[in-house]
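Visitor: Below is the file coords_2.cif, which contains mmCIF, C-alpha atoms.
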data_start
loop_
_atom_site.group_PDB
_atom_site.id
_atom_site.type_symbol
_atom_site.label_atom_id
_atom_site.label_comp_id
_atom_site.auth_asym_id
_atom_site.auth_seq_id
_atom_site.Cartn_x
_atom_site.Cartn_y
_atom_site.Cartn_z
ATOM 1 C CA ARG A 1 73.843 131.410 129.308
ATOM 2 C CA PHE A 2 76.497 128.845 128.296
ATOM 3 C CA VAL A 3 76.338 127.121 131.677
ATOM 4 C CA ILE A 4 72.962 125.400 131.205
ATOM 5 C CA PRO A 5 73.696 123.526 127.965
ATOM 6 C CA ASN A 6 77.186 122.616 129.174
ATOM 7 C CA LEU A 7 75.762 121.274 132.447
ATOM 8 C CA CYS A 8 73.436 119.038 130.422
ATOM 9 C CA THR A 9 76.407 117.842 128.367
ATOM 10 C CA ALA A 10 78.404 117.216 131.559
ATOM 11 C CA ALA A 11 75.496 115.230 133.009
ATOM 12 C CA SER A 12 75.365 113.106 129.841
ATOM 13 C CA PHE A 13 79.133 112.511 130.041
ATOM 14 C CA LEU A 14 78.871 111.458 133.699
ATOM 15 C CA LEU A 15 75.861 109.202 133.098
ATOM 16 C CA GLY A 16 77.794 107.578 130.248
ATOM 17 C CA ILE A 17 80.681 106.828 132.610
ATOM 18 C CA GLY A 18 78.129 105.620 135.168
ATOM 19 C CA SER A 19 76.748 103.234 132.536
ATOM 20 C CA VAL A 20 80.224 101.802 131.902
ATOM 21 C CA LEU A 21 80.728 101.285 135.642
ATOM 22 C CA MET A 22 77.280 99.712 136.077
ATOM 23 C CA SER A 23 78.010 97.335 133.186
ATOM 24 C CA ALA A 24 81.288 96.326 134.826
ATOM 25 C CA THR A 25 79.497 95.534 138.108
ATOM 26 C CA GLY A 26 76.728 93.540 136.420
ATOM 27 C CA GLU A 27 73.958 96.138 136.764
ATOM 28 C CA LEU A 28 73.067 95.800 133.094
ATOM 29 C CA GLU A 29 69.497 97.087 133.247
ATOM 30 C CA LEU A 30 70.598 100.254 135.044
ATOM 31 C CA ALA A 31 73.488 100.654 132.576
ATOM 32 C CA ALA A 32 71.020 100.513 129.672
ATOM 33 C CA TRP A 33 68.685 103.055 131.298
ATOM 34 C CA LEU A 34 71.594 105.437 131.885
ATOM 35 C CA ILE A 35 72.332 105.378 128.144
ATOM 36 C CA LEU A 36 68.687 106.224 127.425
ATOM 37 C CA TRP A 37 68.877 109.118 129.887
ATOM 38 C CA CYS A 38 71.917 110.323 127.938
ATOM 39 C CA VAL A 39 69.753 110.368 124.790
ATOM 40 C CA LEU A 40 67.344 112.720 126.544
ATOM 41 C CA LEU A 41 70.175 114.935 127.828
ATOM 42 C CA ASP A 42 71.727 115.030 124.349
ATOM 43 C CA LYS A 43 68.515 116.549 123.014
ATOM 44 C CA VAL A 44 68.095 118.894 125.994
ATOM 45 C CA ASP A 45 71.598 120.367 125.678
ATOM 46 C CA GLY A 46 71.096 121.128 121.981
ATOM 47 C CA THR A 47 67.675 122.660 122.579
ATOM 48 C CA ALA A 48 68.982 124.750 125.479
ATOM 49 C CA ALA A 49 71.938 125.969 123.396
ATOM 50 C CA ARG A 50 69.599 127.041 120.579
ATOM 51 C CA LEU A 51 67.069 128.743 122.835
ATOM 52 C CA LEU A 52 69.743 130.581 124.807
ATOM 53 C CA LYS A 53 71.812 131.357 121.693
ATOM 54 C CA ALA A 54 74.694 129.675 123.496
ATOM 55 C CA THR A 55 76.364 127.657 120.765
ATOM 56 C CA SER A 56 80.148 127.659 120.934
ATOM 57 C CA ARG A 57 83.134 125.722 119.673
ATOM 58 C CA PHE A 58 83.736 124.539 123.232
ATOM 59 C CA GLY A 59 80.176 123.208 123.480
ATOM 60 C CA PHE A 60 80.576 121.509 120.109
ATOM 61 C CA GLU A 61 83.760 119.692 121.171
ATOM 62 C CA PHE A 62 82.500 118.890 124.671
ATOM 63 C CA ASP A 63 79.313 117.440 123.193
ATOM 64 C CA SER A 64 81.341 115.149 120.925
ATOM 65 C CA PHE A 65 83.348 113.814 123.874
ATOM 66 C CA ALA A 66 80.143 113.208 125.832
ATOM 67 C CA ASP A 67 78.586 111.474 122.810
ATOM 68 C CA LEU A 68 81.599 109.191 122.416
ATOM 69 C CA VAL A 69 81.333 108.097 126.047
ATOM 70 C CA ALA A 70 77.522 107.829 126.181
ATOM 71 C CA PHE A 71 76.804 106.377 122.731
ATOM 72 C CA GLY A 72 80.105 104.717 121.817
ATOM 73 C CA ILE A 73 81.961 103.402 124.867
ATOM 74 C CA ALA A 74 78.979 102.800 127.198
ATOM 75 C CA PRO A 75 76.988 100.723 124.664
ATOM 76 C CA ALA A 76 80.150 98.767 123.752
ATOM 77 C CA SER A 77 80.760 98.006 127.424
ATOM 78 C CA LEU A 78 77.120 97.040 127.932
ATOM 79 C CA ALA A 79 77.185 94.784 124.863
ATOM 80 C CA TYR A 80 80.367 93.093 126.037
ATOM 81 C CA GLN A 81 78.968 92.403 129.492
ATOM 82 C CA ILE A 82 75.611 91.098 128.288
ATOM 83 C CA GLY A 83 77.409 88.930 125.738
ATOM 84 C CA ARG A 84 79.449 87.386 128.532
ATOM 85 C CA GLY A 85 76.134 86.557 130.172
ATOM 86 C CA PHE A 86 74.983 84.850 126.971
ATOM 87 C CA TRP A 87 78.106 82.761 126.374
ATOM 88 C CA GLY A 88 80.036 82.637 129.621
ATOM 89 C CA GLU A 89 83.817 82.848 129.783
ATOM 90 C CA ALA A 90 84.750 80.647 126.802
ATOM 91 C CA THR A 91 87.947 82.094 125.315
ATOM 92 C CA GLY A 92 86.803 82.185 121.696
ATOM 93 C CA ASN A 93 83.472 83.792 122.565
ATOM 94 C CA ALA A 94 85.090 86.389 124.818
ATOM 95 C CA ALA A 95 87.533 87.330 122.053
ATOM 96 C CA ALA A 96 84.716 87.657 119.490
ATOM 97 C CA LEU A 97 82.719 89.787 121.920
ATOM 98 C CA MET A 98 85.688 92.035 122.561
ATOM 99 C CA VAL A 99 86.333 92.501 118.839
ATOM 100 C CA VAL A 100 82.685 93.364 118.111
ATOM 101 C CA ALA A 101 82.408 95.752 121.092
ATOM 102 C CA CYS A 102 85.651 97.499 120.110
ATOM 103 C CA PHE A 103 84.493 97.687 116.479
ATOM 104 C CA TYR A 104 81.250 99.391 117.547
ATOM 105 C CA ALA A 105 83.081 101.925 119.759
ATOM 106 C CA LEU A 106 85.625 102.647 117.005
ATOM 107 C CA MET A 107 82.871 103.254 114.439
ATOM 108 C CA ALA A 108 81.189 105.702 116.856
ATOM 109 C CA ALA A 109 84.508 107.556 117.265
ATOM 110 C CA LEU A 110 85.030 107.661 113.495
ATOM 111 C CA ARG A 111 81.530 108.968 112.894
ATOM 112 C CA LEU A 112 81.970 111.758 115.442
ATOM 113 C CA ALA A 113 85.427 112.645 114.097
ATOM 114 C CA ARG A 114 84.094 112.765 110.533
ATOM 115 C CA PHE A 115 81.180 114.902 111.639
ATOM 116 C CA ASN A 116 83.493 117.300 113.481
ATOM 117 C CA ALA A 117 85.800 117.568 110.474
ATOM 118 C CA ILE A 118 83.062 118.039 107.880
ATOM 119 C CA GLY A 119 80.248 119.652 109.886
ATOM 120 C CA THR A 120 76.944 120.400 108.227
ATOM 121 C CA GLN A 121 76.054 122.720 105.427
ATOM 122 C CA PRO A 122 73.355 125.332 106.081
ATOM 123 C CA GLY A 123 69.883 124.040 105.319
ATOM 124 C CA MET A 124 71.020 120.407 105.201
ATOM 125 C CA ARG A 125 68.010 118.166 105.809
ATOM 126 C CA PHE A 126 69.780 114.809 106.044
ATOM 127 C CA PHE A 127 72.194 113.055 108.347
ATOM 128 C CA GLN A 128 74.984 111.180 106.633
ATOM 129 C CA GLY A 129 74.895 107.763 108.269
ATOM 130 C CA VAL A 130 73.116 106.799 111.462
ATOM 131 C CA PRO A 131 73.727 109.234 114.358
ATOM 132 C CA THR A 132 75.582 107.880 117.387
ATOM 133 C CA THR A 133 72.656 108.874 119.609
ATOM 134 C CA PHE A 134 70.306 106.597 117.673
ATOM 135 C CA SER A 135 72.817 103.734 117.661
ATOM 136 C CA GLY A 136 73.390 103.947 121.412
ATOM 137 C CA ALA A 137 69.643 104.033 122.017
ATOM 138 C CA CYS A 138 69.209 100.921 119.823
ATOM 139 C CA VAL A 139 71.817 98.994 121.816
ATOM 140 C CA ALA A 140 70.329 100.038 125.174
ATOM 141 C CA THR A 141 66.759 99.271 124.093
ATOM 142 C CA THR A 142 67.780 95.874 122.713
ATOM 143 C CA VAL A 143 69.471 95.004 126.010
ATOM 144 C CA LEU A 144 66.352 96.022 127.945
ATOM 145 C CA LEU A 145 64.164 93.874 125.669
ATOM 146 C CA VAL A 146 66.542 90.910 125.964
ATOM 147 C CA MET A 147 66.468 91.186 129.736
ATOM 148 C CA ARG A 148 62.729 91.792 129.968
ATOM 149 C CA TYR A 149 61.804 88.810 127.792
ATOM 150 C CA HIS A 150 64.759 86.572 128.783
ATOM 151 C CA LEU A 151 65.927 86.221 125.172
ATOM 152 C CA GLN A 152 69.248 84.544 125.866
ATOM 153 C CA GLU A 153 69.040 81.687 123.375
ATOM 154 C CA PRO A 154 71.997 81.366 120.949
ATOM 155 C CA ILE A 155 70.013 82.787 118.016
ATOM 156 C CA TRP A 156 69.342 86.021 119.927
ATOM 157 C CA SER A 157 72.968 86.197 121.000
ATOM 158 C CA ALA A 158 74.147 86.005 117.392
ATOM 159 C CA ALA A 159 71.488 88.524 116.325
ATOM 160 C CA PHE A 160 72.706 90.929 119.003
ATOM 161 C CA LEU A 161 76.287 90.739 117.717
ATOM 162 C CA ALA A 162 75.013 91.236 114.174
ATOM 163 C CA LEU A 163 73.081 94.318 115.351
ATOM 164 C CA LEU A 164 76.263 95.841 116.799
ATOM 165 C CA ILE A 165 78.189 95.236 113.585
ATOM 166 C CA LEU A 166 75.327 96.638 111.485
ATOM 167 C CA LEU A 167 74.985 99.760 113.652
ATOM 168 C CA GLY A 168 78.746 100.295 113.528
ATOM 169 C CA MET A 169 78.743 100.114 109.740
ATOM 170 C CA LEU A 170 75.675 102.353 109.438
ATOM 171 C CA MET A 171 77.267 105.021 111.635
ATOM 172 C CA VAL A 172 80.140 105.479 109.208
ATOM 173 C CA SER A 173 78.084 104.916 106.055
ATOM 174 C CA ARG A 174 77.141 107.689 103.668
ATOM 175 C CA LEU A 175 73.491 106.634 103.836
ATOM 176 C CA PRO A 176 71.327 109.795 103.791
ATOM 177 C CA LEU A 177 68.780 109.778 106.610
ATOM 178 C CA PRO A 178 66.204 112.570 106.900
ATOM 179 C CA LYS A 179 66.286 114.687 110.020
ATOM 180 C CA LEU A 180 63.086 114.506 112.030
ATOM 181 C CA GLN A 181 62.702 118.242 112.456
ATOM 182 C CA GLY A 182 63.852 121.432 110.821
ATOM 183 C CA ARG A 183 67.261 122.604 112.016
ATOM 184 C CA ASP A 184 68.688 126.035 112.518
ATOM 185 C CA PRO A 185 71.380 126.460 109.835
ATOM 186 C CA ASP A 186 73.652 128.266 112.300
ATOM 187 C CA THR A 187 74.063 125.175 114.441
ATOM 188 C CA ILE A 188 77.324 123.274 114.352
ATOM 189 C CA SER A 189 76.871 119.760 115.645
ATOM 190 C CA GLU A 190 75.007 116.518 115.354
ATOM 191 C CA ASP A 191 72.522 117.506 118.065
ATOM 192 C CA ASN A 192 72.310 121.248 117.260
ATOM 193 C CA ARG A 193 75.357 122.276 119.289
#
Let me see the file written as structure tokens.
Guide:
Amino acid sequence: RFVIPNLCTAASFLLGIGSVLMSATGELELAAWLILWCVLLDKVDGTAARLLKATSRFGFEFDSFADLVAFGIAPASLAYQIGRGFWGEATGNAAALMVVACFYALMAALRLARFNAIGTQPGMRFFQGVPTTFSGACVATTVLLVMRYHLQEPIWSAAFLALLILLGMLMVSRLPLPKLQGRDPDTISEDNR
């Protein structure tokens, strides 16, 4: 019964790596869609674990690694590559892009580490800070909108960098955000695993 949720987590991990590779080769739209597929798999693995009563410490840790790749590293890579498309190879712009992308990925790692260290209390109805899943989905959706509507003017480029910084700060904030559905108090991770 543990195989099904862990296969979903493995698929999310692999799609996250696929997104990084697609970003590196310039397939930015596909890279963004792969992140959104990871969002779906992140929910499926938690649901499967609950339904099958297959929560485990291994699943909890594996899920965090998959989340870091899919919602931390992949969006940072995607943001860096689309930013290069906005501004070209100018040294100052590339350095700023790298700093912002690394900041976002670091904030995702810190959020997941804090969550793993603290966990959740039974009956807790709020997230503390913005979940990595939501942040990764925001980055991917923004990239898809930018590409769909050709929003590559400087103002949109600056707004995109500001979005990454804001999401990074919100991930590690103590801002209480209500959970969208009731959660089983026996669960042990951000997505019910």
Visitor: Might you pull out every residue within 6 Å of segment 123-140 of chain A, with all atoms listed in the file counted and same-chain residues fewer than 2 positions away left off, and present them as a VMD selection string?
Guide: chain A and resid 32 36 71 75 121 142 to 143 170 to 179 185
Visitor: Find the residues around segment 148-152 of chain A up to 12 Å (all atoms listed in the file counted), leave out those fewer than 4 positions away in its own chain, and share them as a PDB file with C-alpha atoms, in the frame of the given file.
Guide:
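After the write, result.pdb holds the following:
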ATOM      1  CA  LEU A  28      73.067  95.800 133.094  1.00  0.00           C
ATOM      2  CA  GLU A  29      69.497  97.087 133.247  1.00  0.00           C
ATOM      3  CA  ILE A  82      75.611  91.098 128.288  1.00  0.00           C
ATOM      4  CA  GLY A  83      77.409  88.930 125.738  1.00  0.00           C
ATOM      5  CA  ARG A  84      79.449  87.386 128.532  1.00  0.00           C
ATOM      6  CA  GLY A  85      76.134  86.557 130.172  1.00  0.00           C
ATOM      7  CA  PHE A  86      74.983  84.850 126.971  1.00  0.00           C
ATOM      8  CA  TRP A  87      78.106  82.761 126.374  1.00  0.00           C
ATOM      9  CA  GLY A  88      80.036  82.637 129.621  1.00  0.00           C
ATOM     10  CA  THR A 141      66.759  99.271 124.093  1.00  0.00           C
ATOM     11  CA  THR A 142      67.780  95.874 122.713  1.00  0.00           C
ATOM     12  CA  VAL A 143      69.471  95.004 126.010  1.00  0.00           C
ATOM     13  CA  LEU A 144      66.352  96.022 127.945  1.00  0.00           C
ATOM     14  CA  TRP A 156      69.342  86.021 119.927  1.00  0.00           C
ATOM     15  CA  SER A 157      72.968  86.197 121.000  1.00  0.00           C
ATOM     16  CA  ALA A 158      74.147  86.005 117.392  1.00  0.00           C
ATOM     17  CA  ALA A 159      71.488  88.524 116.325  1.00  0.00           C
ATOM     18  CA  PHE A 160      72.706  90.929 119.003  1.00  0.00           C
TER      19      PHE A 160
END
Visitor: Can you work out which one of A:Ile118, A:Leu21, A:Ala108, A:Ala10 has the shortest atom-to-atom distance to Gln81 of chain A, counting all atoms listed in the file?
Guide: A:Leu21
Visitor: I'd like the contact shell of Phe13 of chain A - 12 Å cut-off, all atoms listed in the file, skipping same-chain residues fewer than 3 positions apart - returned as a PDB file with C-alpha atoms, in the frame of the given file.
Guide:
ATOM      1  CA  ASN A   6      77.186 122.616 129.174  1.00  0.00           C
ATOM      2  CA  LEU A   7      75.762 121.274 132.447  1.00  0.00           C
ATOM      3  CA  CYS A   8      73.436 119.038 130.422  1.00  0.00           C
ATOM      4  CA  THR A   9      76.407 117.842 128.367  1.00  0.00           C
ATOM      5  CA  ALA A  10      78.404 117.216 131.559  1.00  0.00           C
ATOM      6  CA  GLY A  16      77.794 107.578 130.248  1.00  0.00           C
ATOM      7  CA  ILE A  17      80.681 106.828 132.610  1.00  0.00           C
ATOM      8  CA  GLY A  18      78.129 105.620 135.168  1.00  0.00           C
ATOM      9  CA  SER A  19      76.748 103.234 132.536  1.00  0.00           C
ATOM     10  CA  VAL A  20      80.224 101.802 131.902  1.00  0.00           C
ATOM     11  CA  LEU A  34      71.594 105.437 131.885  1.00  0.00           C
ATOM     12  CA  ILE A  35      72.332 105.378 128.144  1.00  0.00           C
ATOM     13  CA  TRP A  37      68.877 109.118 129.887  1.00  0.00           C
ATOM     14  CA  CYS A  38      71.917 110.323 127.938  1.00  0.00           C
ATOM     15  CA  VAL A  39      69.753 110.368 124.790  1.00  0.00           C
ATOM     16  CA  LEU A  41      70.175 114.935 127.828  1.00  0.00           C
ATOM     17  CA  ASP A  42      71.727 115.030 124.349  1.00  0.00           C
ATOM     18  CA  ASP A  45      71.598 120.367 125.678  1.00  0.00           C
ATOM     19  CA  PHE A  62      82.500 118.890 124.671  1.00  0.00           C
ATOM     20  CA  ASP A  63      79.313 117.440 123.193  1.00  0.00           C
ATOM     21  CA  SER A  64      81.341 115.149 120.925  1.00  0.00           C
ATOM     22  CA  PHE A  65      83.348 113.814 123.874  1.00  0.00           C
ATOM     23  CA  ALA A  66      80.143 113.208 125.832  1.00  0.00           C
ATOM     24  CA  ASP A  67      78.586 111.474 122.810  1.00  0.00           C
ATOM     25  CA  LEU A  68      81.599 109.191 122.416  1.00  0.00           C
ATOM     26  CA  VAL A  69      81.333 108.097 126.047  1.00  0.00           C
ATOM     27  CA  ALA A  70      77.522 107.829 126.181  1.00  0.00           C
ATOM     28  CA  PHE A  71      76.804 106.377 122.731  1.00  0.00           C
ATOM     29  CA  GLY A  72      80.105 104.717 121.817  1.00  0.00           C
ATOM     30  CA  ILE A  73      81.961 103.402 124.867  1.00  0.00           C
ATOM     31  CA  ALA A  74      78.979 102.800 127.198  1.00  0.00           C
TER      32      ALA A  74
END
Visitor: Which residue, A:Ala76, A:Ile4, A:Leu30, A:Ala162, has the smallest gap to Val44 of chain A when you use all atoms listed in the file?
Guide: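 Result for the nearest residue to Val44 of chain A: A:Ile4.
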Visitor: Which residue out of A:Leu14, A:Gly168, A:Met147, A:Glu27 has the minimum interatomic distance to Leu106 of chain A when all atoms listed in the file are used?
Guide: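 Checking each of A:Leu14, A:Gly168, A:Met147, A:Glu27 against Leu106 of chain A, counting all atoms listed in the file, the winner is A:Gly168.
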Visitor: Quick one, how far is atom CA of Ala95 of chain A from atom CA of Ala31 of chain A?
Guide: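 Spanning atom CA of Ala95 of chain A to atom CA of Ala31 of chain A is a straight-line distance of 22.0 Å.
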Visitor: Output as AutoDock Vina command-line options the centre and edge lengths (Å, one decimal) of the box along x, y and z of the file that holds every listed atom of segment 146-150 of chain A after adding 5 Å on each side.
Guide:
--center_x 64.2 --center_y 89.2 --center_z 128.0 --size_x 14.7 --size_y 15.2 --size_z 14.0
